[in-house]
Structures are given as structure tokens and as C-alpha cells.
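Enquirer: Structure: upload09.txt, compact mmCIF, C-alpha atoms and all ligand atoms.
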# COMPACT_ATOMS: atom_id res chain seq x y z
CA MET S 1149 -8.87 6.81 23.10
CA GLN S 1150 -12.24 7.11 24.71
CA PRO S 1151 -15.18 6.16 22.49
CA GLY S 1152 -16.37 9.27 20.72
CA THR S 1153 -13.08 11.16 21.22
CA ALA S 1154 -12.82 14.11 18.83
CA TYR S 1155 -9.59 14.10 16.84
CA GLU S 1156 -8.07 16.82 14.78
CA ARG S 1157 -8.92 15.81 11.22
CA TYR S 1158 -5.85 14.63 9.33
CA THR S 1159 -5.27 16.37 6.01
CA VAL S 1160 -3.50 14.29 3.38
CA THR S 1161 -1.14 16.34 1.20
CA VAL S 1162 -0.85 16.14 -2.58
CA ASP S 1163 2.72 14.86 -2.17
CA GLN S 1164 1.47 12.03 0.04
CA ILE S 1165 -1.16 11.05 -2.52
CA LYS S 1166 1.47 11.09 -5.28
CA SER S 1167 3.84 9.03 -3.19
CA PHE S 1168 1.14 6.45 -2.38
CA ARG S 1169 0.26 6.15 -6.08
CA GLU S 1170 3.90 5.85 -7.18
CA GLN S 1171 5.26 3.62 -4.42
CA GLY S 1172 2.09 1.73 -3.55
CA PHE S 1173 2.56 2.52 0.12
CA LEU S 1174 2.72 5.53 2.39
CA LYS S 1175 3.98 5.92 5.92
CA VAL S 1176 2.13 8.62 7.85
CA GLU S 1177 4.26 9.53 10.81
CA GLN S 1178 2.64 9.84 14.23
CA LEU S 1179 -0.88 9.51 12.88
CA VAL S 1180 -2.02 7.70 16.03
CA PRO S 1181 -1.34 9.74 19.21
CA PRO S 1182 0.95 8.36 21.95
CA GLU S 1183 -1.89 7.87 24.45
CA ASP S 1184 -3.69 5.61 21.95
CA ILE S 1185 -0.53 3.60 21.31
CA GLN S 1186 -0.17 3.19 25.07
CA GLU S 1187 -3.75 1.92 25.26
CA LEU S 1188 -3.17 -0.55 22.42
CA SER S 1189 0.10 -1.67 23.99
CA ASP S 1190 -1.43 -2.22 27.45
CA HIS S 1191 -4.39 -4.03 25.96
CA THR S 1192 -2.11 -6.28 23.90
CA MET S 1193 -0.13 -7.23 27.01
CA GLY S 1194 -3.44 -7.90 28.78
CA LEU S 1195 -4.32 -10.35 26.02
CA ILE S 1196 -0.94 -12.05 26.00
CA TYR S 1197 -0.85 -12.47 29.76
CA GLY S 1198 -4.47 -13.61 30.01
CA ARG S 1199 -5.67 -10.58 31.99
CA ILE S 1200 -8.24 -9.91 29.26
CA GLU S 1201 -10.40 -12.89 28.52
CA VAL S 1202 -11.42 -13.61 24.96
CA PRO S 1203 -13.30 -16.73 23.90
CA GLY S 1204 -10.88 -18.95 22.02
CA LEU S 1205 -7.74 -17.46 23.54
CA GLU S 1206 -6.04 -19.56 26.19
CA PRO S 1207 -4.45 -17.83 29.19
CA PRO S 1208 -0.77 -18.75 29.63
CA ALA S 1209 -0.09 -21.93 31.56
CA PRO S 1210 1.21 -21.32 35.08
CA GLY S 1211 4.99 -21.21 35.24
CA LEU S 1212 5.53 -20.21 31.60
CA SER S 1213 8.54 -17.90 31.16
CA ILE S 1214 8.09 -14.33 29.89
CA GLN S 1215 9.68 -15.33 26.57
CA GLU S 1216 7.39 -18.32 26.13
CA THR S 1217 4.33 -16.32 27.16
CA GLU S 1218 5.01 -13.51 24.69
CA LYS S 1219 5.75 -15.95 21.87
CA ARG S 1220 2.48 -17.91 22.15
CA TYR S 1221 0.50 -16.00 19.53
CA LEU S 1222 2.15 -14.49 16.47
CA ARG S 1223 -1.05 -13.25 14.87
CA LEU S 1224 -4.56 -12.82 16.27
CA HIS S 1225 -7.23 -12.49 13.64
CA MET S 1226 -10.56 -10.63 13.55
CA LEU S 1227 -10.77 -9.82 17.24
CA HIS S 1228 -12.72 -6.65 16.38
CA ARG S 1229 -15.76 -8.91 16.30
CA LYS S 1230 -15.17 -9.85 19.93
CA LEU S 1231 -13.36 -6.88 21.45
CA GLU S 1232 -14.70 -3.34 21.66
CA LEU S 1233 -11.18 -1.91 21.65
CA HIS S 1234 -10.20 -3.63 18.42
CA GLU S 1235 -13.36 -2.42 16.70
CA ARG S 1236 -12.62 1.09 17.95
CA TYR S 1237 -9.09 1.01 16.46
CA LEU S 1238 -10.40 -0.48 13.20
CA LEU S 1239 -12.56 2.65 13.03
CA HIS S 1240 -9.88 5.08 14.25
CA PRO S 1241 -10.91 8.48 12.82
CA ARG S 1242 -7.37 9.54 11.88
CA ILE S 1243 -6.84 6.35 9.88
CA LEU S 1244 -10.19 6.78 8.16
CA ASP S 1245 -9.25 10.40 7.29
CA VAL S 1246 -6.34 9.03 5.26
CA LEU S 1247 -8.24 6.12 3.71
CA GLU S 1248 -11.05 8.41 2.64
CA VAL S 1249 -8.54 10.15 0.40
CA LEU S 1250 -6.48 7.14 -0.72
CA ILE S 1251 -9.28 4.66 -1.55
CA GLY S 1252 -12.55 6.43 -0.63
CA PRO S 1253 -14.51 8.48 -0.12
CA ASP S 1254 -16.61 5.46 0.88
CA VAL S 1255 -14.64 3.07 3.09
CA MET S 1256 -15.44 -0.49 4.17
CA ALA S 1257 -13.57 -1.96 7.17
CA MET S 1258 -12.96 -5.67 6.63
CA GLN S 1259 -10.27 -7.28 8.72
CA THR S 1260 -8.07 -6.85 11.79
CA MET S 1261 -4.89 -8.64 12.78
CA LEU S 1262 -2.80 -8.12 15.87
CA PHE S 1263 0.83 -9.14 15.35
CA ILE S 1264 2.87 -9.96 18.42
CA LYS S 1265 6.26 -10.75 16.98
CA ALA S 1266 8.36 -11.74 19.97
CA PRO S 1267 12.15 -12.25 19.79
CA GLY S 1268 12.83 -15.26 17.59
CA ALA S 1269 9.38 -15.22 15.94
CA PRO S 1270 9.29 -15.49 12.13
CA GLY S 1271 8.09 -12.97 9.54
CA GLN S 1272 5.76 -13.51 6.60
CA GLY S 1273 7.11 -14.38 3.16
CA TYR S 1274 6.45 -12.22 0.09
CA HIS S 1275 2.75 -11.87 -0.65
CA GLN S 1276 0.10 -9.53 -2.03
CA ASP S 1277 -2.89 -9.00 0.23
CA SER S 1278 -5.41 -8.95 -2.65
CA TYR S 1279 -4.44 -12.58 -3.31
CA TYR S 1280 -6.16 -13.43 -0.02
CA ILE S 1281 -8.84 -10.71 0.03
CA PRO S 1282 -10.18 -10.08 -3.49
CA THR S 1283 -12.42 -7.05 -4.05
CA LEU S 1284 -13.99 -5.84 -7.32
CA PRO S 1285 -12.92 -3.25 -8.32
CA ASP S 1286 -9.68 -4.04 -6.53
CA THR S 1287 -9.34 -1.28 -3.93
CA LEU S 1288 -7.88 -3.18 -0.96
CA CYS S 1289 -5.62 -1.22 1.37
CA GLY S 1290 -3.89 -2.21 4.61
CA ALA S 1291 -3.25 0.17 7.50
CA TRP S 1292 -0.42 -1.07 9.71
CA ILE S 1293 -0.18 0.71 13.07
CA ALA S 1294 3.23 0.37 14.74
CA ILE S 1295 2.71 -0.34 18.44
CA ASP S 1296 6.49 -0.71 18.87
CA ASP S 1297 9.29 0.83 16.90
CA ALA S 1298 9.97 -1.58 14.02
CA ASP S 1299 13.34 -1.90 12.30
CA GLU S 1300 15.49 -4.51 10.59
CA GLY S 1301 16.55 -5.88 13.98
CA ASN S 1302 13.09 -6.76 15.29
CA GLY S 1303 11.38 -7.72 12.04
CA CYS S 1304 10.04 -4.73 10.11
CA MET S 1305 8.23 -5.06 6.78
CA TYR S 1306 9.93 -4.82 3.36
CA MET S 1307 8.08 -3.63 0.28
CA VAL S 1308 8.78 -3.49 -3.44
CA PRO S 1309 8.04 0.08 -4.56
CA GLY S 1310 5.87 0.22 -7.68
CA SER S 1311 4.73 -3.41 -7.42
CA GLN S 1312 1.12 -2.26 -6.97
CA TYR S 1313 1.03 -1.98 -10.78
CA GLU S 1314 1.76 -5.68 -11.13
CA PRO S 1315 -1.05 -8.24 -11.35
CA ILE S 1316 -1.83 -10.63 -8.53
CA THR S 1317 0.46 -13.57 -9.10
CA ARG S 1318 -0.56 -17.20 -8.54
CA ASN S 1319 3.11 -18.16 -8.67
CA VAL S 1320 3.39 -19.07 -5.00
CA GLN S 1321 4.92 -21.80 -2.86
CA LYS S 1322 5.48 -22.73 0.77
CA PRO S 1323 8.41 -20.68 2.11
CA GLU S 1324 11.80 -22.33 1.60
CA ASP S 1325 13.47 -20.46 4.41
CA THR S 1326 11.19 -21.42 7.25
CA ASP S 1327 13.56 -19.87 9.76
CA GLU S 1328 12.86 -16.41 8.32
CA HIS S 1329 9.23 -16.78 7.36
CA GLN S 1330 6.11 -18.34 8.82
CA GLU S 1331 5.81 -21.88 7.52
CA ASN S 1332 2.08 -22.11 7.02
CA LEU S 1333 1.72 -19.17 4.61
CA THR S 1334 2.56 -19.26 0.94
CA GLU S 1335 5.07 -16.85 -0.55
CA ILE S 1336 5.55 -15.48 -4.05
CA ILE S 1337 8.30 -17.16 -6.04
CA GLY S 1338 11.12 -15.10 -7.51
CA VAL S 1339 10.67 -11.61 -6.06
CA ASP S 1340 13.74 -9.52 -6.90
CA ARG S 1341 14.99 -8.61 -3.44
CA THR S 1342 17.39 -6.01 -4.82
CA LYS S 1343 14.27 -3.89 -5.39
CA GLU S 1344 12.87 -4.14 -1.85
CA VAL S 1345 13.12 -1.42 0.77
CA PRO S 1346 12.78 -1.79 4.53
CA VAL S 1347 9.77 0.06 5.89
CA MET S 1348 10.88 1.07 9.34
CA ALA S 1349 8.41 2.73 11.65
CA THR S 1350 8.22 4.45 15.00
CA ALA S 1351 5.40 3.59 17.39
CA GLY S 1352 2.39 5.66 16.30
CA ASP S 1353 3.32 5.68 12.60
CA VAL S 1354 0.83 4.06 10.23
CA VAL S 1355 1.87 2.39 6.98
CA PHE S 1356 -0.83 2.29 4.29
CA PHE S 1357 -0.25 -0.20 1.48
CA GLY S 1358 -2.28 -1.25 -1.53
CA GLY S 1359 -3.46 -4.81 -2.09
CA HIS S 1360 -1.07 -5.53 -4.97
CA VAL S 1361 2.08 -4.33 -3.22
CA LYS S 1362 4.57 -7.17 -2.83
CA HIS S 1363 5.69 -7.16 0.77
CA ARG S 1364 7.15 -9.39 3.43
CA SER S 1365 8.37 -9.12 6.98
CA ILE S 1366 11.39 -10.72 8.55
CA LYS S 1367 12.14 -12.62 11.71
CA ASN S 1368 12.54 -10.75 14.98
CA ARG S 1369 16.28 -11.21 15.57
CA SER S 1370 16.46 -8.90 18.57
CA ALA S 1371 17.30 -10.24 22.01
CA SER S 1372 14.40 -8.72 23.88
CA ARG S 1373 12.33 -6.30 21.77
CA LEU S 1374 8.74 -7.11 20.85
CA ARG S 1375 7.50 -5.99 17.43
CA ARG S 1376 3.76 -5.51 17.78
CA ALA S 1377 1.48 -4.07 15.12
CA PHE S 1378 -2.27 -3.67 14.72
CA VAL S 1379 -3.17 -4.14 11.07
CA SER S 1380 -6.55 -3.55 9.47
CA HIS S 1381 -7.70 -4.01 5.90
CA TYR S 1382 -10.17 -1.81 4.09
CA ALA S 1383 -11.62 -1.39 0.62
CA ASN S 1384 -13.76 1.16 -1.12
CA ALA S 1385 -17.28 0.46 0.14
CA ARG S 1386 -18.54 0.27 -3.45
CA SER S 1387 -16.23 -2.66 -4.21
CA TYR S 1388 -17.92 -6.05 -4.24
CA THR S 1389 -16.39 -8.85 -2.21
CA GLU S 1390 -17.24 -12.43 -1.35
CA TRP S 1391 -14.41 -12.53 1.15
CA GLY S 1392 -15.46 -13.14 4.75
CA GLY S 1393 -19.03 -13.90 3.75
CA GLY S 1394 -19.53 -10.81 1.58
CA ASN S 1395 -20.07 -7.07 1.95
CA GLN S 1396 -22.88 -7.51 4.45
CA ASN S 1397 -20.34 -8.70 7.02
CA HIS S 1398 -18.05 -5.69 6.73
CA ILE S 1399 -18.52 -2.35 8.42
CA LEU S 1400 -19.27 0.82 6.49
CA ALA S 1401 -16.64 3.05 8.12
CA ARG S 1402 -17.05 6.22 6.04
CA GLY S 1403 -19.49 7.51 3.46
CA ARG S 1404 -22.29 5.63 1.71
CA THR S 1405 -22.75 2.62 -0.51
CA HIS S 1406 -25.44 0.95 -2.60
CA LEU S 1407 -24.03 -2.42 -1.47
CA PRO S 1408 -25.00 -4.19 1.75
CA TYR S 1409 -22.90 -3.50 4.84
CA ALA S 1410 -22.65 -4.23 8.55
CA ARG S 1411 -22.92 -1.84 11.46
CA PRO S 1412 -20.28 -1.88 14.19
CA THR S 1413 -21.01 -4.47 16.89
CA PHE S 1414 -20.06 -2.22 19.80
CA TYR S 1415 -21.09 1.14 18.30
CA PRO S 1416 -24.51 0.53 16.74
CA ASP S 1417 -25.15 4.32 16.57
CA TYR S 1418 -21.94 4.93 14.62
CA ASP S 1419 -22.60 7.33 11.77
CA PRO S 1420 -20.34 6.75 8.75
CA GLU S 1421 -21.36 10.11 7.28
CA ARG S 1422 -20.40 12.10 10.35
CA VAL S 1423 -16.86 13.36 10.11
CA ALA S 1424 -15.52 15.34 13.06
O1 LIG V 1501 3.49 -7.27 10.28
C1 LIG V 1501 3.95 -8.20 9.65
O2 LIG V 1501 4.92 -8.84 10.08
C2 LIG V 1501 3.38 -8.62 8.33
C3 LIG V 1501 2.18 -7.81 7.94
C4 LIG V 1501 1.65 -8.19 6.62
O3 LIG V 1501 2.32 -8.74 5.81
C5 LIG V 1501 0.28 -7.84 6.26
O4 LIG V 1501 -0.44 -7.27 7.10
O5 LIG V 1501 -0.14 -8.13 5.12
Would you put the structure from the file into C-alpha cells?
Ligand SMILES: O=C(O)CCC(=O)C(=O)O

Expert:
Amino acid sequence: MQPGTAYERYTVTVDQIKSFREQGFLKVEQLVPPEDIQELSDHTMGLIYGRIEVPGLEPPAPGLSIQETEKRYLRLHMLHRKLELHERYLLHPRILDVLEVLIGPDVMAMQTMLFIKAPGAPGQGYHQDSYYIPTLPDTLCGAWIAIDDADEGNGCMYMVPGSQYEPITRNVQKPEDTDEHQENLTEIIGVDRTKEVPVMATAGDVVFFGGHVKHRSIKNRSASRLRRAFVSHYANARSYTEWGGGNQNHILARGRTHLPYARPTFYPDYDPERVA
């Protein structure tokens, strides 16, 4: 995607809105075009192999095997503040078209995470994203772009439909099964796994999920398939947050707000009210 690329505006259907409200999540198939996924994929490999330099990210040591190199970083956080490309995908117009309807019309872009789940890498235990990123009113929504096809073999996400109507639980612990889930993140105790569904995705699909939805991901048990995803978090731009230093640190991606906001680092002329 070249900066300023015009995209066909995505129209969310009434059925999609209903499904998002009922289930708490919505997969929009092929929302991000193949050439963009290719760009994200190439860029991710550039990061992993040290061809793209980012302060704070070590290039692989000489002689490291492919497996070891690709397993070095499971999750890279907030690189949109350092990398033009990550900021550009945080502000991807087709994703904002959907968010405008689901949580907007005013949309604040808050967080990015790049997941590089290599064979053997763990998933994340059950959690609700609003536990970590509180907003008032609570309008948090994740947008999970599949860079690779994700299935039960290489560690897709699982979600509990309808759990967005449950409160944020403080009933959490360190994961018991550290083989399946990342050790250093807490997980919710006692989620009824008979109610979960796998959320499989094809590269280019985007999964939108509300901040209360109970979800997890599992270990990549495949022999050689990466499971990469670019995940961003957004809220309605009229929600107040202290997370990440407050609203003034988060980008107004669409619409207007009476609250403070940041402008994009790499696109200072970005106009949140201009919709292609
Ligand atoms: O992609 C994954 O493995 C986990 C993603 C996730 O849980 C999240 O973004 O909140």
C-alpha cells in the first residue's frame, strides 16, 4: 500500500453489525488486499532477519538457524511509533471503514502488536483486552489482520461468543499450562472451554473483537508454518483513557473529538475527517 492509496470504501452490512453485537467479534474476509498482505509479510521478515533496523530490536546473531531466528520475538509492541509502515497499517482505510461503524464514528488508534508465532511458540491464555486497556465508556475493539492463514494447527485464536456482555473479571492467574500459553501473561480462571470456538482466518481476513470478549490463542504445533498477525487496538475517540499516557498520545484516526489526541508521526497532514 503506497501512502495515500485510494481504497474502495468498505460497506458494513446490517447482518455483520448484528453478528458483531451478538457474538462480540466479526471476521471480515479479505478486507486487506493481497498486495498489502505481501508488503506486511515482507516487512515482517525484514524485521525478523535484521534487514530493517529498529532501535531496540537486535539483529539475529550470526549462525542462528532459521527456526531460532524466526522464534526470537513472539510479540513486538507499539512499533507504529517507530515505523512508518506500522503506522500506515494502524490507519488502514478499510479497517477504519469497519471500525467507524462498529465503534465510531469517531475512532482513536491506540496500540499495535506484531505477532510472529513460529513453530513451537506458545499462545496467550484467556483474557479480555479491556482488562489491560481500560476506556470510559468502554469501547475498545481489536482488529487482527491475518498475515498468514491461521488454523488450529498453527495457533489460531479461540473466542467465547457472547462473552462481550460479561464484566471484566479480576479472577486471573499465571497460566498453569505454560506449554500452551505464554508464561508471563495472566489468564482468566475457569473459562468454560466447551463454549469456545476457533476463529480461523485466511491471510487478508481481519477479525474485529470487542474489549470484553474472552479469547485466547494456542501454541503453534505445526512443523514449519509461521502464524503472523498484525493487531491494532482502537476505541471510540470520545472515550476517556489513561492507558498509554492518556488520549493525547493516541491518534485520531476518524472523525472528531472534544478530547485531546495525537497526530500521526509519519503523516502529520493526515485528515481524520477525509474519507475516500
Ligand atoms: O494473536 C494471538 O495469538 C493473540 C492475540 C490476542 O490475544 C490479542 O490481540 O488480544

Enquirer: Can I get the residues close to ligand LIG 1501 (chain V) as an NGL selection string, where close means within 9 Å and we count all atoms listed in the file?

Expert: :S and (1222-1223 or 1260-1265 or 1270-1277 or 1290-1292 or 1294 or 1303-1306 or 1357 or 1359 or 1363-1367 or 1375-1381)

Enquirer: Do you have the CA of Arg1220 (chain S)-CA of Leu1239 (chain S) distance handy?

Expert: 27.1 Å

Enquirer: How far is it from CA of Pro1208 (chain S) to CA of Phe1414 (chain S), in Å with one decimal?

Expert: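 Separation of CA of Pro1208 (chain S) and CA of Phe1414 (chain S): 27.2 Å.
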
Enquirer: Ranking S:Asp1190, S:Glu1235, S:Glu1216, S:Glu1300 by minimum distance to Pro1412 (chain S) and counting all atoms listed in the file, which one comes first?

Expert: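 Among S:Asp1190, S:Glu1235, S:Glu1216, S:Glu1300, it is S:Glu1235 that comes nearest to Pro1412 (chain S).
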
Enquirer: Restricting the calculation to all atoms listed in the file: of S:Gly1310, S:Gly1211, S:Gly1301, S:Glu1335, which residue gets closest to Lys1322 (chain S)?

Expert: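 The shortest atom-to-atom distance to Lys1322 (chain S) comes from S:Glu1335.
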
Enquirer: Which residue out of S:Tyr1279, S:Phe1173, S:Tyr1388, S:Tyr1221 has the minimum interatomic distance to Val1347 (chain S) when all atoms listed in the file are used?

Expert: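 Nearest candidate to Val1347 (chain S) out of S:Tyr1279, S:Phe1173, S:Tyr1388, S:Tyr1221: S:Phe1173.
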
Enquirer: Quick one, how far is CA of Pro1323 (chain S) from CA of Val1339 (chain S)?

Expert: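 Those two atoms sit 12.4 Å apart.
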
Enquirer: So that I can check the surroundings of Glu1344 (chain S), please list as a PDB file with C-alpha atoms, in the frame of the given file every protein, DNA and RNA residue that reaches within 8 Å of it, counting all atoms listed in the file and ignoring chain neighbours fewer than 6 positions away.

Expert:
ATOM      1  CA  TYR S1306       9.930  -4.820   3.360  1.00  0.00           C
ATOM      2  CA  MET S1307       8.080  -3.630   0.280  1.00  0.00           C
ATOM      3  CA  VAL S1308       8.780  -3.490  -3.440  1.00  0.00           C
ATOM      4  CA  PRO S1309       8.040   0.080  -4.560  1.00  0.00           C
TER       5      PRO S1309
END

Enquirer: Between S:His1360, S:Lys1343, S:His1234, S:His1240, which has the minimum distance to Ile1281 (chain S) (counting only C-alpha atoms)?

Expert: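 Closest to Ile1281 (chain S) of all the choices is S:His1360.
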
Enquirer: Check the smallest atom-to-atom distance from each of S:Leu1288, S:His1329, S:Glu1170, S:Ser1372 to Tyr1313 (chain S) using only C-alpha atoms, then report the winner.

Expert: S:Glu1170

Enquirer: May I have the residues within 10 Å of Leu1205 (chain S) as a list in words, using all atoms listed in the file and disregarding those fewer than 3 positions away in the same chain?

Expert: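 Here the qualifying residues turn out to be Leu1195, Ile1196, Gly1198, Ile1200, Glu1201, Val1202, Pro1208, Tyr1221 and Leu1224 of chain S.
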
Enquirer: Can region 1351-1377 of chain S be brought up to N, CA, C and O atoms and written out as a PDB file, in the frame of the given file?

Expert:
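Below you can see rebuild-v8.pdb, which holds the result:
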ATOM      1  N   ALA S1351       6.728   3.821  16.796  1.00  0.00           N
ATOM      2  CA  ALA S1351       5.400   3.590  17.390  1.00  0.00           C
ATOM      3  C   ALA S1351       4.506   4.802  17.150  1.00  0.00           C
ATOM      4  O   ALA S1351       4.905   5.936  17.417  1.00  0.00           O
ATOM      5  N   GLY S1352       3.321   4.572  16.617  1.00  0.00           N
ATOM      6  CA  GLY S1352       2.390   5.660  16.300  1.00  0.00           C
ATOM      7  C   GLY S1352       2.329   5.963  14.807  1.00  0.00           C
ATOM      8  O   GLY S1352       1.380   6.584  14.330  1.00  0.00           O
ATOM      9  N   ASP S1353       3.366   5.526  14.065  1.00  0.00           N
ATOM     10  CA  ASP S1353       3.320   5.680  12.600  1.00  0.00           C
ATOM     11  C   ASP S1353       2.332   4.658  12.031  1.00  0.00           C
ATOM     12  O   ASP S1353       2.164   3.567  12.602  1.00  0.00           O
ATOM     13  N   VAL S1354       1.726   5.004  10.911  1.00  0.00           N
ATOM     14  CA  VAL S1354       0.830   4.060  10.230  1.00  0.00           C
ATOM     15  C   VAL S1354       1.293   3.917   8.782  1.00  0.00           C
ATOM     16  O   VAL S1354       1.497   4.917   8.085  1.00  0.00           O
ATOM     17  N   VAL S1355       1.471   2.663   8.361  1.00  0.00           N
ATOM     18  CA  VAL S1355       1.870   2.390   6.980  1.00  0.00           C
ATOM     19  C   VAL S1355       0.633   1.923   6.213  1.00  0.00           C
ATOM     20  O   VAL S1355      -0.002   0.927   6.598  1.00  0.00           O
ATOM     21  N   PHE S1356       0.286   2.658   5.170  1.00  0.00           N
ATOM     22  CA  PHE S1356      -0.830   2.290   4.290  1.00  0.00           C
ATOM     23  C   PHE S1356      -0.229   1.607   3.072  1.00  0.00           C
ATOM     24  O   PHE S1356       0.753   2.108   2.509  1.00  0.00           O
ATOM     25  N   PHE S1357      -0.806   0.480   2.653  1.00  0.00           N
ATOM     26  CA  PHE S1357      -0.250  -0.200   1.480  1.00  0.00           C
ATOM     27  C   PHE S1357      -1.359  -0.872   0.685  1.00  0.00           C
ATOM     28  O   PHE S1357      -2.268  -1.495   1.239  1.00  0.00           O
ATOM     29  N   GLY S1358      -1.267  -0.720  -0.622  1.00  0.00           N
ATOM     30  CA  GLY S1358      -2.280  -1.250  -1.530  1.00  0.00           C
ATOM     31  C   GLY S1358      -2.214  -2.765  -1.632  1.00  0.00           C
ATOM     32  O   GLY S1358      -1.168  -3.384  -1.350  1.00  0.00           O
ATOM     33  N   GLY S1359      -3.320  -3.359  -2.078  1.00  0.00           N
ATOM     34  CA  GLY S1359      -3.460  -4.810  -2.090  1.00  0.00           C
ATOM     35  C   GLY S1359      -2.553  -5.556  -3.059  1.00  0.00           C
ATOM     36  O   GLY S1359      -2.390  -6.772  -2.941  1.00  0.00           O
ATOM     37  N   HIS S1360      -1.968  -4.843  -4.033  1.00  0.00           N
ATOM     38  CA  HIS S1360      -1.070  -5.530  -4.970  1.00  0.00           C
ATOM     39  C   HIS S1360       0.406  -5.401  -4.571  1.00  0.00           C
ATOM     40  O   HIS S1360       1.259  -6.029  -5.197  1.00  0.00           O
ATOM     41  N   VAL S1361       0.676  -4.575  -3.584  1.00  0.00           N
ATOM     42  CA  VAL S1361       2.080  -4.330  -3.220  1.00  0.00           C
ATOM     43  C   VAL S1361       2.723  -5.612  -2.705  1.00  0.00           C
ATOM     44  O   VAL S1361       2.209  -6.242  -1.775  1.00  0.00           O
ATOM     45  N   LYS S1362       3.846  -5.978  -3.305  1.00  0.00           N
ATOM     46  CA  LYS S1362       4.570  -7.170  -2.830  1.00  0.00           C
ATOM     47  C   LYS S1362       5.307  -6.769  -1.558  1.00  0.00           C
ATOM     48  O   LYS S1362       6.077  -5.808  -1.554  1.00  0.00           O
ATOM     49  N   HIS S1363       5.042  -7.499  -0.502  1.00  0.00           N
ATOM     50  CA  HIS S1363       5.690  -7.160   0.770  1.00  0.00           C
ATOM     51  C   HIS S1363       5.932  -8.418   1.582  1.00  0.00           C
ATOM     52  O   HIS S1363       5.289  -9.453   1.369  1.00  0.00           O
ATOM     53  N   ARG S1364       6.859  -8.297   2.495  1.00  0.00           N
ATOM     54  CA  ARG S1364       7.150  -9.390   3.430  1.00  0.00           C
ATOM     55  C   ARG S1364       7.571  -8.771   4.744  1.00  0.00           C
ATOM     56  O   ARG S1364       7.750  -7.544   4.839  1.00  0.00           O
ATOM     57  N   SER S1365       7.723  -9.606   5.762  1.00  0.00           N
ATOM     58  CA  SER S1365       8.370  -9.120   6.980  1.00  0.00           C
ATOM     59  C   SER S1365       9.361 -10.197   7.395  1.00  0.00           C
ATOM     60  O   SER S1365       9.244 -11.348   6.979  1.00  0.00           O
ATOM     61  N   ILE S1366      10.336  -9.773   8.186  1.00  0.00           N
ATOM     62  CA  ILE S1366      11.390 -10.720   8.550  1.00  0.00           C
ATOM     63  C   ILE S1366      11.296 -11.096  10.025  1.00  0.00           C
ATOM     64  O   ILE S1366      10.535 -10.512  10.784  1.00  0.00           O
ATOM     65  N   LYS S1367      12.103 -12.087  10.346  1.00  0.00           N
ATOM     66  CA  LYS S1367      12.140 -12.620  11.710  1.00  0.00           C
ATOM     67  C   LYS S1367      12.580 -11.542  12.707  1.00  0.00           C
ATOM     68  O   LYS S1367      13.390 -10.668  12.361  1.00  0.00           O
ATOM     69  N   ASN S1368      12.079 -11.634  13.910  1.00  0.00           N
ATOM     70  CA  ASN S1368      12.540 -10.750  14.980  1.00  0.00           C
ATOM     71  C   ASN S1368      13.849 -11.324  15.527  1.00  0.00           C
ATOM     72  O   ASN S1368      13.848 -12.323  16.247  1.00  0.00           O
ATOM     73  N   ARG S1369      14.972 -10.700  15.157  1.00  0.00           N
ATOM     74  CA  ARG S1369      16.280 -11.210  15.570  1.00  0.00           C
ATOM     75  C   ARG S1369      16.818 -10.481  16.809  1.00  0.00           C
ATOM     76  O   ARG S1369      17.963 -10.679  17.197  1.00  0.00           O
ATOM     77  N   SER S1370      15.987  -9.633  17.397  1.00  0.00           N
ATOM     78  CA  SER S1370      16.460  -8.900  18.570  1.00  0.00           C
ATOM     79  C   SER S1370      16.474  -9.820  19.790  1.00  0.00           C
ATOM     80  O   SER S1370      15.824 -10.870  19.796  1.00  0.00           O
ATOM     81  N   ALA S1371      17.200  -9.406  20.807  1.00  0.00           N
ATOM     82  CA  ALA S1371      17.300 -10.240  22.010  1.00  0.00           C
ATOM     83  C   ALA S1371      16.043 -10.100  22.867  1.00  0.00           C
ATOM     84  O   ALA S1371      15.594 -11.066  23.489  1.00  0.00           O
ATOM     85  N   SER S1372      15.473  -8.907  22.896  1.00  0.00           N
ATOM     86  CA  SER S1372      14.400  -8.720  23.880  1.00  0.00           C
ATOM     87  C   SER S1372      13.300  -7.760  23.429  1.00  0.00           C
ATOM     88  O   SER S1372      12.423  -7.433  24.220  1.00  0.00           O
ATOM     89  N   ARG S1373      13.336  -7.297  22.180  1.00  0.00           N
ATOM     90  CA  ARG S1373      12.330  -6.300  21.770  1.00  0.00           C
ATOM     91  C   ARG S1373      11.142  -6.959  21.079  1.00  0.00           C
ATOM     92  O   ARG S1373      11.318  -7.687  20.105  1.00  0.00           O
ATOM     93  N   LEU S1374       9.941  -6.664  21.565  1.00  0.00           N
ATOM     94  CA  LEU S1374       8.740  -7.110  20.850  1.00  0.00           C
ATOM     95  C   LEU S1374       8.584  -6.261  19.591  1.00  0.00           C
ATOM     96  O   LEU S1374       9.068  -5.125  19.542  1.00  0.00           O
ATOM     97  N   ARG S1375       7.901  -6.800  18.596  1.00  0.00           N
ATOM     98  CA  ARG S1375       7.500  -5.990  17.430  1.00  0.00           C
ATOM     99  C   ARG S1375       6.020  -6.220  17.202  1.00  0.00           C
ATOM    100  O   ARG S1375       5.611  -7.148  16.522  1.00  0.00           O
ATOM    101  N   ARG S1376       5.218  -5.352  17.852  1.00  0.00           N
ATOM    102  CA  ARG S1376       3.760  -5.510  17.780  1.00  0.00           C
ATOM    103  C   ARG S1376       3.183  -4.522  16.770  1.00  0.00           C
ATOM    104  O   ARG S1376       3.671  -3.389  16.643  1.00  0.00           O
ATOM    105  N   ALA S1377       2.153  -4.959  16.076  1.00  0.00           N
ATOM    106  CA  ALA S1377       1.480  -4.070  15.120  1.00  0.00           C
ATOM    107  C   ALA S1377       0.012  -4.456  15.058  1.00  0.00           C
ATOM    108  O   ALA S1377      -0.337  -5.638  15.164  1.00  0.00           O
TER     109      ALA S1377
END
